[in-house]
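Have a look at entry-v1.pdb below; it lists PDB, C-alpha atoms and all ligand atoms.
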```
ATOM      1  CA  MET A   1       3.968  15.642  10.779
ATOM      2  CA  THR A   2       7.371  16.397   9.347
ATOM      3  CA  THR A   3       8.499  19.995   9.206
ATOM      4  CA  LEU A   4      11.155  19.457   6.514
ATOM      5  CA  ALA A   5      10.482  20.681   2.972
ATOM      6  CA  PRO A   6       8.586  17.932   1.163
ATOM      7  CA  SER A   7      10.395  15.639  -1.256
ATOM      8  CA  SER A   8       9.504  16.150  -4.923
ATOM      9  CA  VAL A   9       8.756  12.427  -5.312
ATOM     10  CA  ASP A  10       6.504  10.163  -3.228
ATOM     11  CA  LEU A  11       5.983   6.635  -4.535
ATOM     12  CA  HIS A  12       3.623   5.292  -1.897
ATOM     13  CA  CYS A  13       0.221   6.762  -1.135
ATOM     14  CA  HIS A  14      -3.405   5.748  -0.766
ATOM     15  CA  SER A  15      -6.734   7.290  -1.748
ATOM     16  CA  THR A  16     -10.400   6.432  -1.197
ATOM     17  CA  ALA A  17      -9.888   3.765  -3.886
ATOM     18  CA  SER A  18      -8.639   1.815  -0.832
ATOM     19  CA  ASP A  19      -8.132   2.962   2.770
ATOM     20  CA  GLY A  20      -6.971   6.540   2.226
ATOM     21  CA  LEU A  21      -9.058   9.497   3.365
ATOM     22  CA  LEU A  22      -8.633  11.736   0.293
ATOM     23  CA  SER A  23     -10.216  11.029  -3.084
ATOM     24  CA  PRO A  24      -7.715  10.449  -5.912
ATOM     25  CA  ALA A  25      -8.380  14.015  -7.123
ATOM     26  CA  GLY A  26      -8.066  15.372  -3.571
ATOM     27  CA  LEU A  27      -4.788  13.527  -3.083
ATOM     28  CA  VAL A  28      -3.305  14.984  -6.267
ATOM     29  CA  ALA A  29      -4.470  18.479  -5.308
ATOM     30  CA  TYR A  30      -2.799  17.985  -1.927
ATOM     31  CA  ALA A  31       0.423  16.883  -3.670
ATOM     32  CA  ALA A  32       0.306  20.104  -5.704
ATOM     33  CA  GLU A  33      -0.207  22.111  -2.522
ATOM     34  CA  ARG A  34       2.830  20.405  -0.949
ATOM     35  CA  GLY A  35       4.985  20.727  -4.083
ATOM     36  CA  VAL A  36       5.276  16.942  -4.479
ATOM     37  CA  MET A  37       5.584  16.816  -8.260
ATOM     38  CA  THR A  38       5.514  13.029  -8.835
ATOM     39  CA  ILE A  39       3.354  10.591  -6.913
ATOM     40  CA  GLY A  40       2.899   6.856  -7.237
ATOM     41  CA  LEU A  41      -0.734   6.040  -6.454
ATOM     42  CA  THR A  42      -0.555   2.659  -4.744
ATOM     43  CA  ASP A  43      -3.987   1.713  -3.465
ATOM     44  CA  HIS A  44      -4.436  -1.698  -1.876
ATOM     45  CA  ASP A  45      -5.611  -4.335  -4.369
ATOM     46  CA  SER A  46      -7.137  -1.735  -6.722
ATOM     47  CA  THR A  47      -6.284   0.648  -9.550
ATOM     48  CA  SER A  48      -9.713   2.298  -9.630
ATOM     49  CA  GLY A  49      -8.292   5.681  -8.591
ATOM     50  CA  VAL A  50      -5.567   5.887 -11.234
ATOM     51  CA  ALA A  51      -7.610   7.444 -14.080
ATOM     52  CA  ASP A  52      -8.953  10.272 -11.883
ATOM     53  CA  ALA A  53      -5.494  10.870 -10.437
ATOM     54  CA  ILE A  54      -3.955  11.162 -13.913
ATOM     55  CA  GLU A  55      -6.725  13.525 -15.030
ATOM     56  CA  THR A  56      -6.284  15.787 -11.987
ATOM     57  CA  GLY A  57      -2.502  15.491 -12.314
ATOM     58  CA  ARG A  58      -2.758  17.016 -15.798
ATOM     59  CA  GLN A  59      -4.577  20.033 -14.394
ATOM     60  CA  HIS A  60      -2.000  20.581 -11.641
ATOM     61  CA  GLY A  61       1.178  19.569 -13.486
ATOM     62  CA  ILE A  62       1.694  16.555 -11.194
ATOM     63  CA  LYS A  63       3.035  13.310 -12.694
ATOM     64  CA  ILE A  64       1.214  10.148 -11.633
ATOM     65  CA  VAL A  65       2.958   6.780 -11.665
ATOM     66  CA  PRO A  66       0.166   4.194 -12.054
ATOM     67  CA  GLY A  67       0.619   1.804  -9.176
ATOM     68  CA  VAL A  68      -0.894  -0.679  -6.766
ATOM     69  CA  GLU A  69      -0.026  -2.352  -3.443
ATOM     70  CA  LEU A  70      -0.913  -6.031  -3.307
ATOM     71  CA  SER A  71      -1.382  -7.631   0.125
ATOM     72  CA  ALA A  72       0.603 -10.864   0.065
ATOM     73  CA  GLU A  73       1.853 -13.025   2.902
ATOM     74  CA  ILE A  74       4.979 -14.977   3.827
ATOM     75  CA  ALA A  75       4.188 -17.455   6.635
ATOM     76  CA  SER A  76       1.482 -15.125   7.988
ATOM     77  CA  LEU A  77       3.847 -12.130   7.873
ATOM     78  CA  GLN A  78       2.918  -9.153   5.721
ATOM     79  CA  ALA A  79       4.674  -8.948   2.381
ATOM     80  CA  HIS A  80       3.093  -6.015   0.609
ATOM     81  CA  ILE A  81       4.172  -5.872  -3.019
ATOM     82  CA  LEU A  82       4.042  -2.525  -4.797
ATOM     83  CA  GLY A  83       3.564  -2.450  -8.561
ATOM     84  CA  TYR A  84       4.637   0.518 -10.700
ATOM     85  CA  PHE A  85       3.965   1.493 -14.318
ATOM     86  CA  ILE A  86       1.290  -1.188 -14.517
ATOM     87  CA  ASP A  87      -1.542  -1.008 -17.022
ATOM     88  CA  PRO A  88      -4.368  -0.082 -14.628
ATOM     89  CA  ASP A  89      -6.929  -1.734 -16.916
ATOM     90  CA  SER A  90      -5.052  -5.024 -17.324
ATOM     91  CA  ALA A  91      -7.657  -7.791 -17.473
ATOM     92  CA  SER A  92      -5.457 -10.245 -15.562
ATOM     93  CA  LEU A  93      -4.850  -7.738 -12.767
ATOM     94  CA  GLN A  94      -8.571  -6.896 -12.591
ATOM     95  CA  GLY A  95      -9.218 -10.637 -12.274
ATOM     96  CA  GLU A  96      -6.912 -10.799  -9.236
ATOM     97  CA  PHE A  97      -8.556  -7.715  -7.691
ATOM     98  CA  ALA A  98     -11.993  -9.346  -8.005
ATOM     99  CA  TRP A  99     -11.207 -12.308  -5.754
ATOM    100  CA  MET A 100      -9.020 -10.264  -3.410
ATOM    101  CA  ASN A 101     -11.795  -7.770  -2.811
ATOM    102  CA  GLU A 102     -14.399 -10.528  -2.381
ATOM    103  CA  SER A 103     -12.118 -12.128   0.201
ATOM    104  CA  ARG A 104     -11.755  -8.758   1.975
ATOM    105  CA  ARG A 105     -15.527  -8.210   2.123
ATOM    106  CA  GLU A 106     -15.994 -11.695   3.545
ATOM    107  CA  ARG A 107     -13.270 -10.984   6.123
ATOM    108  CA  VAL A 108     -15.039  -7.787   7.216
ATOM    109  CA  GLU A 109     -18.211  -9.822   7.857
ATOM    110  CA  ARG A 110     -16.190 -12.215  10.059
ATOM    111  CA  ILE A 111     -14.398  -9.380  11.858
ATOM    112  CA  CYS A 112     -17.724  -7.731  12.703
ATOM    113  CA  ALA A 113     -19.298 -11.034  13.783
ATOM    114  CA  ASN A 114     -16.309 -11.677  16.079
ATOM    115  CA  LEU A 115     -16.495  -8.159  17.509
ATOM    116  CA  ASN A 116     -20.246  -8.564  18.100
ATOM    117  CA  ALA A 117     -19.556 -11.857  19.896
ATOM    118  CA  ALA A 118     -17.111  -9.960  22.119
ATOM    119  CA  GLY A 119     -19.881  -7.487  23.016
ATOM    120  CA  ILE A 120     -18.843  -4.707  20.628
ATOM    121  CA  THR A 121     -21.637  -3.301  18.517
ATOM    122  CA  ILE A 122     -20.623  -2.881  14.881
ATOM    123  CA  ASP A 123     -22.498  -3.484  11.661
ATOM    124  CA  ALA A 124     -20.568  -4.908   8.686
ATOM    125  CA  THR A 125     -22.975  -3.140   6.306
ATOM    126  CA  GLU A 126     -21.823   0.198   7.707
ATOM    127  CA  VAL A 127     -18.154  -0.731   7.235
ATOM    128  CA  LEU A 128     -18.745  -1.845   3.650
ATOM    129  CA  ALA A 129     -20.746   1.340   2.935
ATOM    130  CA  LEU A 130     -17.884   3.472   4.272
ATOM    131  CA  ALA A 131     -15.471   1.809   1.839
ATOM    132  CA  GLY A 132     -17.936   2.400  -1.017
ATOM    133  CA  ASN A 133     -16.392   1.251  -4.288
ATOM    134  CA  GLY A 134     -12.914   1.223  -2.752
ATOM    135  CA  THR A 135     -11.031  -1.758  -1.331
ATOM    136  CA  VAL A 136     -12.342  -2.397   2.186
ATOM    137  CA  GLY A 137      -9.891  -3.008   5.020
ATOM    138  CA  ARG A 138      -9.382  -2.817   8.751
ATOM    139  CA  PRO A 139      -9.002   0.999   8.667
ATOM    140  CA  HIS A 140     -12.685   1.193   7.661
ATOM    141  CA  VAL A 141     -13.588  -1.053  10.606
ATOM    142  CA  ALA A 142     -11.475   1.249  12.790
ATOM    143  CA  ARG A 143     -13.360   4.339  11.613
ATOM    144  CA  VAL A 144     -16.740   2.781  12.437
ATOM    145  CA  LEU A 145     -15.410   1.697  15.860
ATOM    146  CA  ILE A 146     -14.415   5.341  16.462
ATOM    147  CA  ALA A 147     -17.848   6.568  15.327
ATOM    148  CA  ASN A 148     -19.445   4.072  17.752
ATOM    149  CA  GLY A 149     -17.325   5.376  20.620
ATOM    150  CA  TYR A 150     -15.084   2.308  21.051
ATOM    151  CA  ALA A 151     -11.764   3.924  20.087
ATOM    152  CA  SER A 152     -10.186   7.369  20.037
ATOM    153  CA  SER A 153      -8.132   7.013  16.844
ATOM    154  CA  ILE A 154      -7.385   4.569  14.054
ATOM    155  CA  SER A 155      -4.218   3.368  15.779
ATOM    156  CA  ASP A 156      -6.092   3.035  19.085
ATOM    157  CA  ALA A 157      -8.699   0.891  17.289
ATOM    158  CA  PHE A 158      -5.927  -1.278  15.804
ATOM    159  CA  ASP A 159      -4.172  -1.686  19.151
ATOM    160  CA  ARG A 160      -7.313  -2.640  21.038
ATOM    161  CA  PHE A 161      -9.340  -4.571  18.488
ATOM    162  CA  LEU A 162      -7.732  -5.265  15.118
ATOM    163  CA  THR A 163      -4.245  -6.713  15.556
ATOM    164  CA  ARG A 164      -3.305 -10.344  16.072
ATOM    165  CA  GLY A 165      -4.719 -11.760  19.300
ATOM    166  CA  LYS A 166      -7.490  -9.149  19.481
ATOM    167  CA  PRO A 167     -11.201  -9.938  18.929
ATOM    168  CA  GLY A 168     -11.383  -8.158  15.576
ATOM    169  CA  TYR A 169      -8.397  -9.885  13.972
ATOM    170  CA  ALA A 170      -9.193 -12.321  11.177
ATOM    171  CA  LEU A 171      -7.113 -13.838   8.420
ATOM    172  CA  SER A 172      -8.163 -13.858   4.806
ATOM    173  CA  GLU A 173      -7.027 -15.596   1.667
ATOM    174  CA  LYS A 174      -3.975 -13.826   0.259
ATOM    175  CA  ILE A 175      -1.899 -14.069  -2.882
ATOM    176  CA  THR A 176       1.684 -15.312  -2.431
ATOM    177  CA  PRO A 177       4.448 -12.723  -2.948
ATOM    178  CA  GLU A 178       5.637 -14.623  -6.033
ATOM    179  CA  GLY A 179       2.045 -14.585  -7.334
ATOM    180  CA  ALA A 180       1.862 -10.840  -6.730
ATOM    181  CA  ILE A 181       5.127 -10.234  -8.613
ATOM    182  CA  GLY A 182       3.853 -12.323 -11.531
ATOM    183  CA  ALA A 183       0.509 -10.480 -11.619
ATOM    184  CA  ILE A 184       2.292  -7.106 -11.663
ATOM    185  CA  ASN A 185       4.711  -8.216 -14.399
ATOM    186  CA  ARG A 186       1.813  -9.553 -16.511
ATOM    187  CA  ALA A 187       0.206  -6.106 -16.209
ATOM    188  CA  GLY A 188       3.403  -4.610 -17.679
ATOM    189  CA  GLY A 189       4.700  -3.252 -14.385
ATOM    190  CA  VAL A 190       7.577  -3.799 -11.989
ATOM    191  CA  ALA A 191       7.356  -5.155  -8.448
ATOM    192  CA  VAL A 192       8.858  -3.582  -5.317
ATOM    193  CA  LEU A 193       8.809  -5.007  -1.784
ATOM    194  CA  ALA A 194       7.015  -2.427   0.397
ATOM    195  CA  HIS A 195       8.157  -1.576   3.962
ATOM    196  CA  PRO A 196      10.521  -4.617   3.973
ATOM    197  CA  TRP A 197      10.648  -4.915   7.776
ATOM    198  CA  SER A 198       7.002  -6.037   7.769
ATOM    199  CA  THR A 199       8.432  -9.413   6.731
ATOM    200  CA  LYS A 200      10.595  -9.367   9.915
ATOM    201  CA  ASN A 201      13.603 -10.410   7.812
ATOM    202  CA  PRO A 202      14.251  -8.209   4.778
ATOM    203  CA  ARG A 203      17.336 -10.174   3.699
ATOM    204  CA  ALA A 204      15.491 -13.487   3.694
ATOM    205  CA  ALA A 205      12.597 -11.899   1.811
ATOM    206  CA  VAL A 206      14.948 -10.439  -0.810
ATOM    207  CA  GLU A 207      16.839 -13.730  -1.177
ATOM    208  CA  ARG A 208      13.537 -15.415  -1.901
ATOM    209  CA  LEU A 209      11.902 -12.734  -4.062
ATOM    210  CA  ALA A 210      14.809 -11.407  -6.162
ATOM    211  CA  PRO A 211      14.944 -14.655  -8.180
ATOM    212  CA  ALA A 212      11.133 -14.456  -8.527
ATOM    213  CA  GLY A 213      11.416 -11.181 -10.436
ATOM    214  CA  LEU A 214      11.468  -8.494  -7.738
ATOM    215  CA  THR A 215      12.733  -5.205  -9.225
ATOM    216  CA  GLY A 216      12.960  -2.867  -6.260
ATOM    217  CA  LEU A 217      13.063  -2.440  -2.502
ATOM    218  CA  GLU A 218      11.250   0.312  -0.593
ATOM    219  CA  CYS A 219      14.241   1.597   1.377
ATOM    220  CA  TYR A 220      13.135   5.169   2.076
ATOM    221  CA  TYR A 221      10.005   4.520   4.104
ATOM    222  CA  GLY A 222       8.316   7.052   6.328
ATOM    223  CA  GLU A 223       8.429   5.043   9.535
ATOM    224  CA  TYR A 224      12.067   3.921   9.216
ATOM    225  CA  THR A 225      15.062   5.611  10.865
ATOM    226  CA  PRO A 226      17.949   6.926   8.723
ATOM    227  CA  ASP A 227      20.060   3.889   9.761
ATOM    228  CA  VAL A 228      17.390   1.415   8.707
ATOM    229  CA  ARG A 229      16.958   3.242   5.410
ATOM    230  CA  SER A 230      20.668   3.134   4.594
ATOM    231  CA  ASP A 231      20.934  -0.566   5.579
ATOM    232  CA  LEU A 232      18.057  -1.310   3.204
ATOM    233  CA  ALA A 233      19.690   0.759   0.439
ATOM    234  CA  ALA A 234      22.843  -1.357   0.873
ATOM    235  CA  LEU A 235      20.741  -4.533   0.660
ATOM    236  CA  ALA A 236      19.077  -3.221  -2.524
ATOM    237  CA  ALA A 237      22.476  -2.453  -4.070
ATOM    238  CA  GLU A 238      23.782  -5.917  -3.155
ATOM    239  CA  PHE A 239      20.913  -7.566  -5.074
ATOM    240  CA  GLY A 240      20.770  -5.050  -7.933
ATOM    241  CA  LEU A 241      17.361  -3.790  -6.849
ATOM    242  CA  ILE A 242      16.104  -0.234  -7.387
ATOM    243  CA  ALA A 243      15.916   1.670  -4.087
ATOM    244  CA  THR A 244      12.496   3.345  -3.917
ATOM    245  CA  GLY A 245      10.556   5.069  -1.196
ATOM    246  CA  GLY A 246       7.478   6.863  -0.054
ATOM    247  CA  SER A 247       5.409   8.059   2.859
ATOM    248  CA  ASP A 248       2.571   5.473   2.776
ATOM    249  CA  PHE A 249       0.294   8.488   3.122
ATOM    250  CA  HIS A 250      -3.311   7.582   4.021
ATOM    251  CA  GLY A 251      -4.615  11.069   4.840
ATOM    252  CA  LYS A 252      -3.589  14.063   6.901
ATOM    253  CA  GLY A 253      -2.652  13.001  10.417
ATOM    254  CA  VAL A 254      -3.240   9.239   9.906
ATOM    255  CA  LYS A 255       0.491   8.443  10.169
ATOM    256  CA  SER A 256       3.361  10.585  11.372
ATOM    257  CA  THR A 257       4.752  11.023   7.838
ATOM    258  CA  ASP A 258       3.003  13.539   5.623
ATOM    259  CA  LEU A 259       2.780  13.270   1.829
ATOM    260  CA  GLY A 260       6.293  13.899   0.457
ATOM    261  CA  GLY A 261       7.702  13.496   3.957
ATOM    262  CA  VAL A 262      10.444  11.066   2.894
ATOM    263  CA  VAL A 263      13.374  11.963   0.676
ATOM    264  CA  VAL A 264      13.157   9.625  -2.324
ATOM    265  CA  PRO A 265      15.910   9.652  -4.980
ATOM    266  CA  PRO A 266      14.127  11.123  -8.034
ATOM    267  CA  GLU A 267      16.139   8.870 -10.365
ATOM    268  CA  ALA A 268      14.226   5.889  -8.931
ATOM    269  CA  VAL A 269      11.237   6.918 -11.059
ATOM    270  CA  GLU A 270      13.103   6.704 -14.374
ATOM    271  CA  ALA A 271      14.836   3.493 -13.287
ATOM    272  CA  LEU A 272      11.431   1.901 -12.567
ATOM    273  CA  ARG A 273      10.058   3.157 -15.881
ATOM    274  CA  ALA A 274      13.019   1.714 -17.798
ATOM    275  CA  ALA A 275      12.664  -1.645 -16.011
ATOM    276  CA  ALA A 276       8.938  -1.725 -16.829
ATOM    277  CA  ASP A 277       9.680  -0.912 -20.491
ATOM    278  CA  GLN A 278      12.074  -3.857 -20.528
ATOM    279  CA  ILE A 279       9.445  -6.202 -19.064
ATOM    280  CA  ARG A 280       6.905  -5.153 -21.695
ATOM    281  CA  THR A 281       9.473  -5.568 -24.487
ATOM    282  CA  GLN A 282      10.333  -9.074 -23.227
ATOM    283  CA  ALA A 283       6.628  -9.992 -23.053
ATOM    284  CA  ALA A 284       6.078  -8.797 -26.626
ATOM    285  CA  SER A 285       9.014 -10.784 -28.068
TER     286      SER A 285
HETATM  287  P1  LIG B 301      -5.857  -4.595   5.950
HETATM  288  O1  LIG B 301      -5.538  -4.244   4.502
HETATM  289  O2  LIG B 301      -7.312  -4.726   6.174
HETATM  290  O3  LIG B 301      -5.085  -5.762   6.479
HETATM  291  O4  LIG B 301      -5.394  -3.330   6.810
HETATM  292  C1  LIG B 301      -4.056  -2.917   6.711
HETATM  293  C2  LIG B 301      -4.003  -1.392   6.647
HETATM  294  O5  LIG B 301      -4.325  -0.890   7.935
HETATM  295  C3  LIG B 301      -2.626  -0.841   6.347
HETATM  296  O6  LIG B 301      -2.478  -0.621   4.981
HETATM  297  C4  LIG B 301      -2.637   0.485   7.067
HETATM  298  O7  LIG B 301      -3.288   1.430   6.258
HETATM  299  C5  LIG B 301      -3.528   0.244   8.254
HETATM  300  N1  LIG B 301      -2.828  -0.084   9.516
HETATM  301  C6  LIG B 301      -2.188  -1.223   9.840
HETATM  302  N2  LIG B 301      -1.745  -1.197  11.108
HETATM  303  C7  LIG B 301      -2.115   0.009  11.608
HETATM  304  C8  LIG B 301      -1.941   0.652  12.872
HETATM  305  N3  LIG B 301      -1.304   0.056  13.879
HETATM  306  N4  LIG B 301      -2.447   1.893  13.011
HETATM  307  C9  LIG B 301      -3.082   2.504  11.993
HETATM  308  N5  LIG B 301      -3.285   1.949  10.792
HETATM  309  C10 LIG B 301      -2.796   0.719  10.587
HETATM  310 FE    FE B 302      -3.429   0.989   4.059
HETATM  311 FE    FE B 303       1.536  -1.659   3.082
HETATM  312 ZN    ZN B 304       0.564   1.354   1.733
END
```
Can the structure in the file be given as structure tokens, please?
Ligand code: AMP
Ligand code: FE
Ligand code: FE
Ligand code: ZN
Amino acid sequence: MTTLAPSSVDLHCHSTASDGLLSPAGLVAYAAERGVMTIGLTDHDSTSGVADAIETGRQHGIKIVPGVELSAEIASLQAHILGYFIDPDSASLQGEFAWMNESRRERVERICANLNAAGITIDATEVLALAGNGTVGRPHVARVLIANGYASSISDAFDRFLTRGKPGYALSEKITPEGAIGAINRAGGVAVLAHPWSTKNPRAAVERLAPAGLTGLECYYGEYTPDVRSDLAALAAEFGLIATGGSDFHGKGVKSTDLGGVVVPPEAVEALRAAADQIRTQAAS
């Protein structure tokens, strides 16, 4: 956990609407406690937490940027696309969430079957129940593995069972990054490439996705060193992308970066809002 004073803006965090540990209301209350005055709620493949977050935000004086993080892939590398200032109720976005979440549930069944075949006792029903109405993912599998005594922490469960080459790794159908950008734009929002090093080649990803309508690059990311962050900010400037950032908070102690643990330029929020306004104006004309 960082000991620096928290940043006033955090544009990347998760709630129980996906694989976070705090409810949307609990997350916003925690932001208030930490003095993080603006948060982007970016649950995986879901906006079901946004309404509660906005409601609780009103009570605590915390601004909520309605967001999402779509799991896309480039040649089997992660390309997570963040969407900001989206309409959380957009019918086209909800249509994408429906198949994405069905594909995730089906993947959990396969993951559990593969783990069972490897002699590890885990019941997919329990994993799905843990996710409840939220987007299910490997972190839920990890938590059941911990409960069953197979792992000591979420990262231990990932290392031993859930990453590529391990018995509990399974692929699922994913949207393309261009498809994700289009879906976000159709919902009136702007698209940002999350944790760009997950693609292994941020420059190549930006060269491909900037012409497809990418608006921003997540430069100030919790797990990145100051050098990596400034290199990414230079890349963003070169392509005219908005430099954003956030902690990717999933709950206290899940990752080393706490909520508000990354310094994010506050002007990024208004720049994203203005870009989203422009997209909606273009769509209306
Ligand atoms: P999934 O959406 O099912 O592919 O799971 C990806 C999610 O798992 C990410 O959003 C993180 O929350 C979490 N995750 C990925 N790798 C790790 C890791 N090594 N340790 C802990 N959590 C991880
Ligand atoms: Fe996650
Ligand atoms: Fe991500
Ligand atoms: Zn995330």
Tell me which of A:Ala79, A:Leu259, A:Ala53, A:Ala236 sits closest to A:His195, counting all atoms listed in the file.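 Among the listed residues, the smallest separation from A:His195 belongs to A:Ala79.
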Shell of 12 Å around A:Asp258, all atoms listed in the file, local chain residues under 6 positions omitted, as a VMD selection string: chain A and resid 1 to 7 10 12 to 14 27 30 to 31 34 36 221 to 223 246 to 252
I'd like to see the residues matched by the PyMOL selection byres (((chain A and resi 270) around 12) and not hetatm) on this file, and ideally I'd get them as a PDB file with C-alpha atoms, in the frame of the given file.
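New file result13.pdb:
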```
ATOM      1  CA  VAL A   9       8.756  12.427  -5.312  1.00  0.00           C
ATOM      2  CA  THR A  38       5.514  13.029  -8.835  1.00  0.00           C
ATOM      3  CA  VAL A  65       2.958   6.780 -11.665  1.00  0.00           C
ATOM      4  CA  TYR A  84       4.637   0.518 -10.700  1.00  0.00           C
ATOM      5  CA  PHE A  85       3.965   1.493 -14.318  1.00  0.00           C
ATOM      6  CA  ILE A 242      16.104  -0.234  -7.387  1.00  0.00           C
ATOM      7  CA  ALA A 243      15.916   1.670  -4.087  1.00  0.00           C
ATOM      8  CA  THR A 244      12.496   3.345  -3.917  1.00  0.00           C
ATOM      9  CA  PRO A 265      15.910   9.652  -4.980  1.00  0.00           C
ATOM     10  CA  PRO A 266      14.127  11.123  -8.034  1.00  0.00           C
ATOM     11  CA  GLU A 267      16.139   8.870 -10.365  1.00  0.00           C
ATOM     12  CA  ALA A 268      14.226   5.889  -8.931  1.00  0.00           C
ATOM     13  CA  VAL A 269      11.237   6.918 -11.059  1.00  0.00           C
ATOM     14  CA  ALA A 271      14.836   3.493 -13.287  1.00  0.00           C
ATOM     15  CA  LEU A 272      11.431   1.901 -12.567  1.00  0.00           C
ATOM     16  CA  ARG A 273      10.058   3.157 -15.881  1.00  0.00           C
ATOM     17  CA  ALA A 274      13.019   1.714 -17.798  1.00  0.00           C
ATOM     18  CA  ALA A 275      12.664  -1.645 -16.011  1.00  0.00           C
ATOM     19  CA  ALA A 276       8.938  -1.725 -16.829  1.00  0.00           C
ATOM     20  CA  ASP A 277       9.680  -0.912 -20.491  1.00  0.00           C
TER      21      ASP A 277
END
```
Of A:Ser92, A:Thr56, A:Ser8, A:Thr176, the one nearest to A:Leu70 when counting all atoms listed in the file is A:Thr176
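What the PyMOL selection byres (((chain A and resi 156-162) around 9) and not hetatm) picks from this file is Ile111, Leu115, Arg138, Pro139, Val141, Ala142, Arg143, Leu145, Ile146, Tyr150, Ala151, Ser152, Ser153, Ile154, Ser155, Thr163, Arg164, Gly165, Lys166, Pro167, Gly168, Tyr169 and Ala170 of chain A.
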For C-alpha atoms, I'd like the residues from the last selection saved as a PDB file, keeping the file's coordinate frame.
```
ATOM      1  CA  ILE A 111     -14.398  -9.380  11.858  1.00  0.00           C
ATOM      2  CA  LEU A 115     -16.495  -8.159  17.509  1.00  0.00           C
ATOM      3  CA  ARG A 138      -9.382  -2.817   8.751  1.00  0.00           C
ATOM      4  CA  PRO A 139      -9.002   0.999   8.667  1.00  0.00           C
ATOM      5  CA  VAL A 141     -13.588  -1.053  10.606  1.00  0.00           C
ATOM      6  CA  ALA A 142     -11.475   1.249  12.790  1.00  0.00           C
ATOM      7  CA  ARG A 143     -13.360   4.339  11.613  1.00  0.00           C
ATOM      8  CA  LEU A 145     -15.410   1.697  15.860  1.00  0.00           C
ATOM      9  CA  ILE A 146     -14.415   5.341  16.462  1.00  0.00           C
ATOM     10  CA  TYR A 150     -15.084   2.308  21.051  1.00  0.00           C
ATOM     11  CA  ALA A 151     -11.764   3.924  20.087  1.00  0.00           C
ATOM     12  CA  SER A 152     -10.186   7.369  20.037  1.00  0.00           C
ATOM     13  CA  SER A 153      -8.132   7.013  16.844  1.00  0.00           C
ATOM     14  CA  ILE A 154      -7.385   4.569  14.054  1.00  0.00           C
ATOM     15  CA  SER A 155      -4.218   3.368  15.779  1.00  0.00           C
ATOM     16  CA  THR A 163      -4.245  -6.713  15.556  1.00  0.00           C
ATOM     17  CA  ARG A 164      -3.305 -10.344  16.072  1.00  0.00           C
ATOM     18  CA  GLY A 165      -4.719 -11.760  19.300  1.00  0.00           C
ATOM     19  CA  LYS A 166      -7.490  -9.149  19.481  1.00  0.00           C
ATOM     20  CA  PRO A 167     -11.201  -9.938  18.929  1.00  0.00           C
ATOM     21  CA  GLY A 168     -11.383  -8.158  15.576  1.00  0.00           C
ATOM     22  CA  TYR A 169      -8.397  -9.885  13.972  1.00  0.00           C
ATOM     23  CA  ALA A 170      -9.193 -12.321  11.177  1.00  0.00           C
TER      24      ALA A 170
END
```
Write out as a Markdown table the residues of chain A that have any atom within 7 Å of an atom of ligand FE 303 (chain B), one row each with the nearest atom pair and its distance in Å to one decimal, counting only C-alpha atoms and all ligand atoms, sorted by chain and then rising number.
```
| residue | atom | partner | partner_atom | distance |
| --- | --- | --- | --- | --- |
| A:Glu69 | CA | B:FE303 | FE | 6.7 |
| A:His80 | CA | B:FE303 | FE | 5.2 |
| A:Ala194 | CA | B:FE303 | FE | 6.1 |
| A:His195 | CA | B:FE303 | FE | 6.7 |
```
What gap, in Å, lies between atom CA of A:Asn133 and atom CA of A:Met100?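 Going from atom CA of A:Asn133 over to atom CA of A:Met100, I get 13.7 Å.
The spacing separating atom CA of A:Leu232 from atom CA of A:Arg203 amounts to 8.9 Å.
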How big is the axis-aligned box around all listed atoms of ligand LIG 301 (chain B) once 3 Å goes on each side, and where's its centre, in Å to one decimal, as lines of an AutoDock Vina configuration file?
```
center_x = -4.3
center_y = -1.6
center_z = 9.2
size_x = 12.0
size_y = 14.3
size_z = 15.4
```
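Interatomic distance, atom CA of A:Arg105 against atom CA of A:Leu128: 7.3 Å.
With only C-alpha atoms and all ligand atoms as the atoms that count, the minimum distance from ligand LIG 301 (chain B) to the choices A:Arg186, A:Lys200, A:Arg229, A:Lys255 is reached by A:Lys255.
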